[in-house]
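Structure file my_file-v1.txt (compact mmCIF, C-alpha atoms) follows.
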```txt
# COMPACT_ATOMS: atom_id res chain seq x y z
CA MET A 113 -23.25 -11.74 1.46
CA LEU A 114 -20.32 -11.20 3.78
CA SER A 115 -21.92 -12.65 6.86
CA ASN A 116 -19.88 -15.79 7.39
CA GLU A 117 -16.70 -14.92 5.61
CA ALA A 118 -13.59 -13.44 7.08
CA ILE A 119 -12.57 -10.31 5.25
CA SER A 120 -9.51 -12.11 3.92
CA GLU A 121 -11.83 -14.28 1.83
CA VAL A 122 -13.69 -11.38 0.26
CA SER A 123 -12.61 -10.90 -3.35
CA ASP A 124 -10.83 -7.81 -4.59
CA ALA A 125 -13.74 -7.12 -6.94
CA ASP A 126 -16.20 -7.06 -4.00
CA LEU A 127 -13.93 -4.78 -1.98
CA VAL A 128 -13.53 -2.45 -4.96
CA ALA A 129 -17.31 -2.30 -5.42
CA LYS A 130 -17.76 -1.38 -1.75
CA ALA A 131 -14.93 1.15 -1.87
CA VAL A 132 -16.52 2.79 -4.93
CA ALA A 133 -19.78 2.99 -2.98
CA GLY A 134 -17.89 4.96 -0.35
CA ASP A 135 -16.79 2.27 2.10
CA ALA A 136 -13.44 3.47 3.43
CA SER A 137 -12.77 0.29 5.37
CA ALA A 138 -13.11 -1.80 2.18
CA PHE A 139 -10.44 0.33 0.55
CA ALA A 140 -8.25 -0.01 3.65
CA HIS A 141 -8.45 -3.77 3.24
CA LEU A 142 -7.32 -3.46 -0.37
CA VAL A 143 -4.38 -1.39 0.84
CA HIS A 144 -3.40 -4.00 3.43
CA ARG A 145 -3.74 -6.79 0.92
CA HIS A 146 -1.69 -5.28 -1.91
CA ALA A 147 0.76 -2.95 -0.20
CA PRO A 148 3.50 -5.61 0.19
CA ILE A 149 3.76 -6.42 -3.54
CA ALA A 150 3.34 -2.75 -4.43
CA LYS A 151 6.28 -1.86 -2.19
CA ARG A 152 8.32 -4.74 -3.57
CA MET A 153 7.71 -3.46 -7.07
CA ALA A 154 8.65 0.10 -6.11
CA ARG A 155 11.91 -1.20 -4.62
CA LEU A 156 12.70 -3.32 -7.67
CA TRP A 157 12.10 -0.32 -9.90
CA GLY A 158 14.65 1.61 -7.88
CA ALA A 159 12.46 3.75 -5.61
CA GLY A 160 14.88 3.06 -2.76
CA ALA A 161 14.01 4.90 0.43
CA ASP A 162 11.08 6.54 -1.37
CA ALA A 163 9.30 3.20 -1.84
CA ASP A 164 6.83 3.87 0.99
CA ASP A 165 5.95 7.28 -0.45
CA VAL A 166 5.55 5.82 -3.93
CA VAL A 167 3.18 3.17 -2.60
CA GLN A 168 1.20 5.72 -0.63
CA ASP A 169 0.89 7.99 -3.69
CA ALA A 170 -0.11 5.04 -5.84
CA PHE A 171 -2.94 4.07 -3.49
CA VAL A 172 -4.20 7.65 -3.29
CA LYS A 173 -4.25 7.79 -7.11
CA ALA A 174 -5.86 4.36 -7.28
CA HIS A 175 -8.61 5.56 -4.96
CA ALA A 176 -9.22 8.63 -7.11
CA ALA A 177 -9.42 6.46 -10.24
CA LEU A 178 -11.32 3.60 -8.65
CA ALA A 179 -14.60 4.35 -10.39
CA ARG A 180 -12.80 3.87 -13.72
CA PHE A 181 -11.36 0.51 -12.69
CA ARG A 182 -12.75 -2.46 -14.63
CA SER A 183 -12.35 -5.78 -12.92
CA THR A 184 -11.54 -7.78 -16.07
CA GLY A 185 -7.84 -8.11 -15.30
CA GLY A 186 -7.96 -7.85 -11.52
CA PHE A 187 -7.11 -5.11 -9.07
CA ARG A 188 -3.50 -6.12 -8.52
CA PRO A 189 -2.05 -5.52 -12.01
CA TRP A 190 -4.09 -2.34 -12.27
CA LEU A 191 -2.59 -1.08 -9.02
CA LEU A 192 0.89 -2.18 -10.06
CA SER A 193 0.60 -0.25 -13.31
CA ILE A 194 0.00 2.84 -11.18
CA VAL A 195 3.02 1.99 -9.00
CA HIS A 196 5.04 1.54 -12.18
CA ASN A 197 4.00 4.97 -13.37
CA GLU A 198 4.66 6.59 -10.00
CA THR A 199 8.16 5.14 -9.88
CA ARG A 200 8.86 6.48 -13.36
CA ASN A 201 7.70 9.91 -12.24
CA LEU A 202 10.04 9.65 -9.27
CA HIS A 203 12.99 8.96 -11.56
CA ARG A 204 12.03 11.82 -13.82
CA GLY A 205 12.15 14.08 -10.79
CA ARG A 206 15.57 12.76 -9.84
CA GLY A 207 17.17 13.09 -13.27
CA ARG A 208 18.79 10.81 -15.80
CA ARG A 209 21.44 9.18 -13.69
CA ALA A 210 18.92 7.99 -11.15
CA ALA A 211 16.77 6.65 -13.97
CA ARG A 212 19.69 4.58 -15.22
CA GLU A 213 20.15 3.20 -11.76
CA SER A 214 16.57 2.02 -11.54
CA LEU A 215 15.98 -1.65 -10.88
CA ALA A 216 19.08 -1.69 -8.72
CA PRO A 217 18.25 -3.37 -5.43
CA LEU A 218 21.33 -3.50 -3.25
CA PRO A 219 23.15 -6.83 -3.08
CA ASP A 220 22.95 -6.50 0.73
CA ASP A 221 19.26 -7.12 0.34
CA LEU A 222 19.82 -10.69 -0.79
CA THR A 223 19.24 -13.38 1.77
CA THR A 224 19.30 -17.13 1.76
CA SER A 225 18.12 -19.53 4.39
CA ASP A 226 20.78 -22.18 3.76
CA PRO A 227 24.02 -21.29 5.58
CA GLU A 228 25.95 -24.24 4.00
CA GLU A 229 25.61 -22.94 0.49
CA GLU A 230 25.08 -19.35 1.37
CA ALA A 231 28.20 -17.85 -0.17
CA ILE A 232 27.88 -19.73 -3.46
CA ILE A 233 24.17 -19.06 -3.79
CA VAL A 234 24.41 -15.40 -2.90
CA ASP A 235 27.29 -14.97 -5.32
CA ARG A 236 25.34 -16.65 -8.11
CA ARG A 237 22.27 -14.57 -7.41
CA ARG A 238 24.30 -11.38 -7.43
CA ARG A 239 25.67 -12.22 -10.84
CA LEU A 240 22.20 -13.07 -12.11
CA LEU A 241 20.92 -9.77 -10.78
CA ALA A 242 23.82 -7.93 -12.41
CA THR A 243 22.98 -9.65 -15.69
CA ILE A 244 19.33 -8.60 -15.40
CA ARG A 245 20.44 -5.02 -14.82
CA GLU A 246 22.40 -5.13 -18.05
CA LEU A 247 19.29 -6.02 -20.04
CA PRO A 248 17.56 -3.28 -22.04
CA VAL A 249 14.85 -1.70 -19.89
CA GLU A 250 11.94 -3.24 -21.85
CA LEU A 251 13.31 -6.75 -21.22
CA ARG A 252 14.27 -6.00 -17.63
CA GLU A 253 10.73 -4.95 -16.81
CA VAL A 254 9.09 -8.10 -18.11
CA VAL A 255 11.63 -10.28 -16.27
CA ALA A 256 11.07 -8.36 -13.05
CA CYS A 257 7.26 -8.66 -13.31
CA ARG A 258 7.12 -12.24 -14.47
CA TYR A 259 9.85 -13.77 -12.26
CA LEU A 260 10.96 -11.44 -9.47
CA LEU A 261 7.37 -10.46 -8.62
CA GLU A 262 6.01 -13.79 -9.87
CA LEU A 263 3.10 -12.30 -11.79
CA THR A 264 1.39 -14.31 -14.51
CA GLU A 265 2.02 -13.38 -18.14
CA ALA A 266 -1.44 -11.83 -18.30
CA GLU A 267 -0.77 -9.77 -15.16
CA THR A 268 2.61 -8.72 -16.52
CA ALA A 269 0.92 -7.48 -19.70
CA LEU A 270 -1.66 -5.47 -17.74
CA THR A 271 0.92 -4.07 -15.33
CA LEU A 272 3.21 -2.85 -18.10
CA LYS A 273 0.27 -2.00 -20.41
CA LEU A 274 1.62 -4.21 -23.18
CA PRO A 275 -0.13 -6.64 -25.53
CA ALA A 276 0.13 -10.26 -24.35
CA GLY A 277 2.11 -11.21 -27.47
CA THR A 278 4.71 -8.52 -26.78
CA VAL A 279 5.21 -9.82 -23.24
CA LYS A 280 5.67 -13.32 -24.58
CA SER A 281 8.24 -12.34 -27.18
CA ARG A 282 10.15 -10.07 -24.77
CA LEU A 283 10.28 -12.80 -22.15
CA HIS A 284 11.59 -15.16 -24.78
CA ARG A 285 14.32 -12.72 -25.78
CA ALA A 286 15.21 -11.91 -22.19
CA LEU A 287 15.51 -15.56 -21.18
CA SER A 288 17.67 -16.38 -24.21
CA THR A 289 20.03 -13.54 -23.32
CA LEU A 290 20.15 -14.52 -19.65
CA ARG A 291 20.76 -18.16 -20.50
CA THR A 292 23.72 -17.27 -22.68
CA GLU A 293 25.17 -14.82 -20.14
CA VAL A 294 24.73 -17.07 -17.13
CA SER A 295 26.07 -20.15 -18.90
CA ASP A 296 29.16 -18.31 -20.13
CA ASP A 297 30.35 -17.66 -16.59
CA MET B 82 23.75 -24.37 -21.25
CA ILE B 83 21.43 -23.97 -18.26
CA GLU B 84 17.96 -25.51 -18.71
CA LEU B 85 15.23 -22.96 -19.32
CA GLY B 86 13.15 -24.33 -16.43
CA ASP B 87 16.13 -24.09 -14.07
CA LEU B 88 16.80 -20.52 -15.09
CA GLU B 89 13.16 -19.60 -14.47
CA GLU B 90 13.31 -21.25 -11.05
CA GLU B 91 16.54 -19.44 -10.26
CA LEU B 92 14.97 -16.12 -11.22
CA ARG B 93 12.02 -16.76 -8.90
CA ALA B 94 14.39 -17.70 -6.09
CA LEU B 95 16.33 -14.50 -6.73
CA GLY B 96 13.12 -12.50 -6.46
CA ARG B 97 12.25 -14.13 -3.15
CA SER B 98 15.72 -13.51 -1.76
CA ILE B 99 15.43 -9.76 -2.27
CA THR B 100 14.20 -8.62 1.10
CA VAL B 101 11.90 -5.64 1.28
CA ASP B 102 10.68 -4.24 4.58
CA PRO B 103 6.95 -4.61 5.03
CA PRO B 104 4.90 -1.48 4.33
CA ALA B 105 4.24 0.79 7.29
CA ASP B 106 1.43 -0.36 9.58
CA ASP B 107 -0.37 2.92 9.28
CA LEU B 108 -0.26 3.02 5.45
CA ALA B 109 -4.02 2.50 4.98
CA GLN B 110 -4.75 5.14 7.54
CA ARG B 111 -2.45 7.66 5.85
CA VAL B 112 -3.91 6.87 2.44
CA LEU B 113 -7.47 7.36 3.67
CA ALA B 114 -6.56 10.54 5.52
CA ARG B 115 -5.15 11.94 2.26
CA VAL B 116 -8.08 10.68 0.21
CA LEU B 117 -10.48 12.49 2.53
CA ALA B 118 -8.33 15.61 2.73
CA GLU B 119 -8.09 15.83 -1.07
CA ARG B 120 -11.77 15.19 -1.61
CA PRO B 121 -13.36 18.26 -3.21
CA GLY B 122 -15.85 20.16 -1.10
CA PRO B 123 -19.05 19.62 -3.13
CA PHE B 124 -18.65 15.87 -2.71
CA THR B 125 -18.45 15.97 1.03
CA ARG B 126 -22.20 15.94 1.47
CA ALA B 127 -22.64 13.11 -0.99
CA TRP B 128 -19.89 11.26 0.87
CA ARG B 129 -21.67 11.75 4.20
CA TRP B 130 -24.85 10.47 2.65
CA LEU B 131 -23.02 7.37 1.44
CA VAL B 132 -21.42 6.88 4.83
CA ARG B 133 -24.85 6.88 6.45
CA SER B 134 -26.44 4.57 3.91
CA ARG B 135 -23.75 1.94 4.17
CA ARG B 136 -23.89 1.63 7.93
CA ARG B 137 -25.35 -1.85 7.81
CA LEU B 138 -22.67 -2.94 5.37
CA VAL B 139 -19.93 -1.74 7.71
CA ALA B 140 -21.63 -3.54 10.56
CA MET B 141 -21.60 -6.70 8.47
CA ILE B 142 -17.91 -6.36 7.68
CA ILE B 143 -17.20 -5.80 11.35
CA ALA B 144 -19.29 -8.85 12.21
CA ALA B 145 -17.40 -10.85 9.59
CA LEU B 146 -14.13 -9.69 11.10
CA ILE B 147 -15.23 -10.57 14.58
CA ILE B 148 -16.29 -14.01 13.44
CA GLY B 149 -13.02 -14.41 11.57
CA LEU B 150 -11.03 -13.38 14.61
CA GLY B 151 -13.11 -15.43 16.98
CA LEU B 152 -12.53 -18.64 15.05
CA THR B 153 -8.78 -18.35 14.90
CA PRO B 154 -7.20 -17.87 18.29
CA PRO B 155 -4.48 -16.88 18.75
CA VAL B 156 -5.01 -13.81 16.68
CA ARG B 157 -3.40 -14.19 13.28
CA ALA B 158 0.08 -12.86 13.63
CA THR B 159 0.98 -12.10 10.06
CA VAL B 160 -2.22 -10.72 8.58
CA LEU B 161 -2.87 -7.25 9.82
CA GLU B 162 -6.55 -7.08 10.54
CA TRP B 163 -8.59 -4.46 12.21
CA LEU B 164 -12.09 -3.40 12.80
CA ARG B 165 -13.63 -0.06 13.28
CA ILE B 166 -16.42 1.37 15.36
CA GLY B 167 -17.02 5.03 14.50
CA GLY B 168 -13.82 6.89 15.22
CA VAL B 169 -12.06 3.99 16.91
CA VAL B 170 -9.96 1.46 15.02
CA ILE B 171 -9.06 -1.76 16.74
CA LYS B 172 -5.98 -3.45 15.37
CA THR B 173 -5.39 -6.98 16.45
CA ALA B 174 -1.85 -7.50 17.65
CA PRO B 175 -0.12 -10.85 18.02
CA THR B 176 1.52 -10.40 21.41
CA PRO B 177 1.17 -8.10 24.37
CA ALA B 178 3.68 -5.29 24.49
CA THR B 179 5.79 -5.05 27.60
CA GLY B 180 4.19 -3.46 30.61
CA THR B 181 0.50 -3.95 30.15
CA SER B 182 -0.92 -2.66 33.39
CA PRO B 183 -3.24 0.21 32.58
CA ASN B 184 -2.18 3.79 33.12
CA PRO B 185 -4.92 5.91 34.59
CA PRO B 186 -6.85 7.74 31.88
CA PRO B 187 -5.56 11.27 31.52
CA THR B 188 -7.78 13.38 33.70
CA ALA B 189 -8.91 16.59 32.10
CA SER B 190 -5.80 18.69 32.47
CA GLY B 191 -5.81 22.27 33.66
CA ARG B 192 -9.06 23.79 34.70
CA SER B 193 -12.08 21.54 34.59
CA ILE B 194 -14.91 23.11 32.66
CA THR B 195 -18.65 22.51 32.81
CA VAL B 196 -20.55 20.30 30.40
CA ALA B 197 -22.24 23.40 28.97
CA GLU B 198 -18.86 25.05 28.35
CA ALA B 199 -17.54 21.89 26.67
CA GLN B 200 -20.65 21.78 24.49
CA ARG B 201 -19.96 25.29 23.21
CA LEU B 202 -16.42 24.29 22.16
CA VAL B 203 -17.32 21.30 19.98
CA ASP B 204 -19.60 20.84 16.96
CA PHE B 205 -21.33 17.63 18.01
CA PRO B 206 -23.97 17.11 20.72
CA LEU B 207 -22.62 15.71 23.98
CA GLY B 208 -24.33 12.89 25.82
CA LEU B 209 -24.42 12.32 29.57
CA PRO B 210 -24.84 8.91 31.24
CA GLU B 211 -27.71 9.30 33.71
CA GLU B 212 -26.32 6.35 35.67
CA LEU B 213 -23.27 8.35 36.69
CA GLY B 214 -24.75 11.78 37.29
CA THR B 215 -22.72 14.95 36.93
CA PRO B 216 -19.07 14.31 35.96
CA ALA B 217 -16.37 15.27 38.44
CA ARG B 218 -14.21 16.68 35.65
CA VAL B 219 -14.81 17.71 32.04
CA GLY B 220 -12.13 18.59 29.50
CA VAL B 221 -11.82 19.30 25.77
CA SER B 222 -8.74 18.31 23.74
CA ASP B 223 -6.62 21.15 22.35
CA ASP B 224 -7.86 20.50 18.82
CA ARG B 225 -11.49 20.45 20.06
CA ARG B 226 -12.18 17.00 18.72
CA VAL B 227 -12.54 15.01 21.93
CA VAL B 228 -14.50 15.76 25.07
CA SER B 229 -13.45 13.74 28.13
CA MET B 230 -15.44 13.28 31.32
CA ASP B 231 -14.41 11.58 34.54
CA TRP B 232 -16.27 10.19 37.50
CA GLY B 233 -14.63 8.95 40.68
CA SER B 234 -10.89 8.52 41.04
CA GLY B 235 -8.21 5.84 41.45
CA ALA B 236 -9.44 2.28 41.00
CA THR B 237 -13.08 3.35 40.66
CA GLN B 238 -12.42 6.05 38.07
CA ILE B 239 -14.65 5.94 35.02
CA HIS B 240 -13.56 7.85 31.94
CA LEU B 241 -15.73 8.71 28.94
CA ASP B 242 -14.44 10.12 25.64
CA GLN B 243 -16.85 11.48 23.03
CA PHE B 244 -16.05 12.67 19.54
CA GLY B 245 -18.03 13.50 16.43
CA GLY B 246 -17.83 12.50 12.81
CA GLN B 247 -17.29 9.21 11.06
CA LEU B 248 -14.80 10.11 8.40
CA SER B 249 -11.51 10.11 10.20
CA TRP B 250 -10.55 8.07 13.18
CA VAL B 251 -9.43 9.42 16.47
CA PHE B 252 -8.07 6.49 18.43
CA ILE B 253 -6.23 3.34 17.48
CA LYS B 254 -6.21 0.46 19.89
CA GLN B 255 -3.70 -2.35 19.63
CA TYR B 256 -5.47 -5.32 21.02
CA TRP B 257 -4.58 -8.97 21.53
CA GLY B 258 -7.38 -10.28 23.69
CA ASP B 259 -10.83 -11.46 22.70
CA VAL B 260 -12.91 -8.78 21.08
CA THR B 261 -16.43 -9.14 22.48
CA PRO B 262 -19.09 -7.90 20.09
CA THR B 263 -22.08 -6.42 21.84
CA MET B 264 -24.87 -3.91 21.24
CA VAL B 265 -25.66 -0.49 22.65
CA GLY B 266 -28.97 1.11 21.72
CA GLY B 267 -29.51 -1.57 19.08
CA ARG B 268 -26.21 -0.81 17.34
CA ASP B 269 -22.94 -2.66 17.12
CA ALA B 270 -20.45 -2.08 19.87
CA VAL B 271 -17.32 -3.81 21.10
CA TRP B 272 -16.04 -4.61 24.55
CA LEU B 273 -12.31 -4.99 25.11
CA ALA B 274 -11.89 -6.66 28.50
CA LYS B 275 -8.10 -6.56 28.64
CA SER B 276 -5.70 -3.66 28.95
CA HIS B 277 -4.31 -2.45 25.63
CA PRO B 278 -2.26 0.38 24.14
CA ILE B 279 -4.25 3.27 22.71
CA VAL B 280 -2.92 5.96 20.39
CA TYR B 281 -4.43 9.30 19.44
CA VAL B 282 -4.70 10.12 15.71
CA ASP B 283 -4.90 13.74 14.58
CA ARG B 284 -6.92 15.16 11.71
CA ARG B 285 -4.13 14.51 9.22
CA GLY B 286 -3.97 10.84 10.09
CA ASP B 287 -0.71 11.08 12.05
CA GLU B 288 -0.47 8.81 15.06
CA HIS B 289 0.67 10.50 18.22
CA THR B 290 2.67 7.77 19.86
CA GLU B 291 4.02 10.25 22.39
CA GLN B 292 0.48 10.37 23.78
CA ALA B 293 0.13 6.59 23.67
CA ARG B 294 -0.84 4.93 26.92
CA ILE B 295 -2.27 1.66 28.17
CA SER B 296 -6.03 1.74 28.37
CA GLY B 297 -8.01 -0.31 30.86
CA PRO B 298 -11.08 -2.34 29.82
CA SER B 299 -13.26 -0.31 27.49
CA LEU B 300 -16.53 -0.26 25.62
CA VAL B 301 -16.78 1.47 22.25
CA TRP B 302 -20.08 2.37 20.66
CA GLN B 303 -21.82 5.02 18.56
CA ARG B 304 -24.94 7.05 18.98
CA THR B 305 -26.86 9.31 16.68
CA ALA B 306 -27.65 12.66 18.21
CA GLY B 307 -29.56 15.08 15.99
CA GLN B 308 -27.73 15.07 12.67
CA SER B 309 -24.47 13.86 14.19
CA GLU B 310 -22.78 10.53 14.62
CA VAL B 311 -20.92 10.49 17.90
CA THR B 312 -18.44 7.82 18.94
CA LEU B 313 -18.14 7.06 22.65
CA ARG B 314 -15.42 5.24 24.52
CA LEU B 315 -16.05 4.26 28.12
CA GLU B 316 -13.03 3.17 30.09
CA GLY B 317 -12.84 1.91 33.64
CA ASN B 318 -12.41 -1.06 35.87
CA VAL B 319 -16.00 -2.26 35.45
CA SER B 320 -17.76 -5.38 34.16
CA LEU B 321 -19.30 -5.53 30.70
CA ALA B 322 -22.78 -5.55 32.27
CA ARG B 323 -22.04 -2.36 34.23
CA ALA B 324 -20.46 -0.70 31.18
CA LEU B 325 -23.58 -1.53 29.14
CA THR B 326 -25.89 -0.13 31.81
CA ILE B 327 -23.90 3.11 31.81
CA ALA B 328 -23.78 3.24 28.00
CA GLU B 329 -27.53 2.66 27.65
CA SER B 330 -28.20 5.50 30.09
CA VAL B 331 -26.51 8.14 27.92
CA ARG B 332 -28.96 10.89 27.03
```

Once you've parsed the file, please lay out its structure as structure tokens.
Amino acid sequence: MLSNEAISEVSDADLVAKAVAGDASAFAHLVHRHAPIAKRMARLWGAGADADDVVQDAFVKAHAALARFRSTGGFRPWLLSIVHNETRNLHRGRGRRAARESLAPLPDDLTTSDPEEEAIIVDRRRRLLATIRELPVELREVVACRYLLELTEAETALTLKLPAGTVKSRLHRALSTLRTEVSDD
Amino acid sequence: MIELGDLEEELRALGRSITVDPPADDLAQRVLARVLAERPGPFTRAWRWLVRSRRRLVAMIIAALIIGLGLTPPVRATVLEWLRIGGVVIKTAPTPATGTSPNPPPTASGRSITVAEAQRLVDFPLGLPEELGTPARVGVSDDRRVVSMDWGSGATQIHLDQFGGQLSWVFIKQYWGDVTPTMVGGRDAVWLAKSHPIVYVDRRGDEHTEQARISGPSLVWQRTAGQSEVTLRLEGNVSLARALTIAESVR
């Protein structure tokens, strides 16, 4: 079954099945594969320096719940929904102010590869980011999942545990708001 | 007003421009260490049973990894891949670290004890390579997980580490050369012909980089002794053929 494939070609569903059967190395491969996006999400949701801990906690919880995982929507959105939850718990522990500051990646974190246009582009991106931060949280989350993390609409719905129709309508509302705000500048 | 498609593209570009440091290299290891530590007691036996029954599957994954690595020299730089034999994890690294001449293996510090004394201190059966006879020195690590034996000294020194259990790993090797799959006693083994850094991992999954050193060529394999799975790591300036002869002579 696996004989001539590199592990990178083994599907998530196969790795999950092996991990459920007790194969620790299969779970380790799932960790390697999905840790980067999980950490990115934790950072976008404002975990800051705790992002690594959030990701680690999320994987430990995912392992404990692995037997309940159903592969219909894929491992990634399922994992990200746990990361989402863990980040919320983190904010609860930190208090209200920190919660308000969530989804606040530092502008210093923005990079661009084109030195010619760097200043203009970075400035524009900062304003766009500021506009996203002003959105109500339910719109901010769908924008972050769908565009900043580049998930599909279906993955966004599973990650945020929302019906597909709700994701669609929230995205529509968010984009309309952003379009107006960005164009006004 | 900005086109919808342009706005979407700009949002994606914004997402990509937010830099996030990659997750820690040892994340998987820490996760698994916690998973195993938090596992409730009654499940431990069932877990062990599963570990034993999936041995062939692990061997297949390792074989798949070896094939994957073998077909793509130089070792893939961006994808962190590793393989595992018993308590040894081999991480492929893109480039040699500075200073790659091997340090001598740590000889059993303090008083050398006898094999029988070492056996009383650990909970897994020790093996002895008949090829090499009685070891010159025997030592047990402070946490009683690893028994080390040495034969000879200087350039001809041969060092053998033995440790029990399959659940946690004990050594991590960062390796950039060709991993040579081989067999010892009919089971999968690997031969690392080039010098490489080796790090000790404690029971909690913490890497002890302060104890890191450069290992010489080494052979890693496992043997079943009684009810126990023992991982062995032979290190020394020897050929693969010689290492295999020594490994096969372990009783």

Quiz item: Quick one, how far is atom CA of Val221 of chain B from atom CA of Gly286 of chain B?
Solution: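 Separation of atom CA of Val221 of chain B and atom CA of Gly286 of chain B: 19.5 Å.
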
Exercise. Determine the nearest neighbour of chain B from the options A:Ala163, A:Leu260, A:Ala231, A:Leu192, counting all atoms listed in the file.
Key: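 Looking at the shortest contact to chain B, the residue is A:Leu260.
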
Exercise. Could you tell me which of A:Ala276, A:Ala136, A:Ala174, A:Leu241 comes closest to Glu91 of chain B if we count all atoms listed in the file?
Key: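 Answer, going by the shortest atom-to-atom distance: A:Leu241.
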
Practice problem: Tell me, in Å to one decimal, how far atom CA of Val170 of chain B is from atom CA of Ile295 of chain B. | Solution: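 Between atom CA of Val170 of chain B and atom CA of Ile295 of chain B the gap is 15.2 Å.
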
Quiz item: By how many Å are atom CA of Leu313 of chain B and atom CA of Leu241 of chain B apart?
Solution: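 Going from atom CA of Leu313 of chain B over to atom CA of Leu241 of chain B covers 6.9 Å.
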
Quiz item: Which one is closest to chain B: A:Arg237, A:Arg285, A:His203, A:Arg182? Count all atoms listed in the file.
Solution: A:Arg237

Quiz prompt | Top pick for closest residue to Gly297 of chain B, considering B:Val203, B:Phe244, B:Gln238, B:Thr326 and counting only C-alpha atoms | solution = B:Gln238

Quiz item: Which neighbours of segment 144-149 of chain A fall inside 8 Å, counting only C-alpha atoms, when residues of the same chain fewer than 6 positions from it are skipped, and could you give them as a list of chain:residue names?
Solution: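 Once the nearby chain positions are removed, what remains is A:Val167, A:Arg188, A:Leu261, B:Pro103, B:Pro104, B:Leu108, B:Ala109, B:Leu161.
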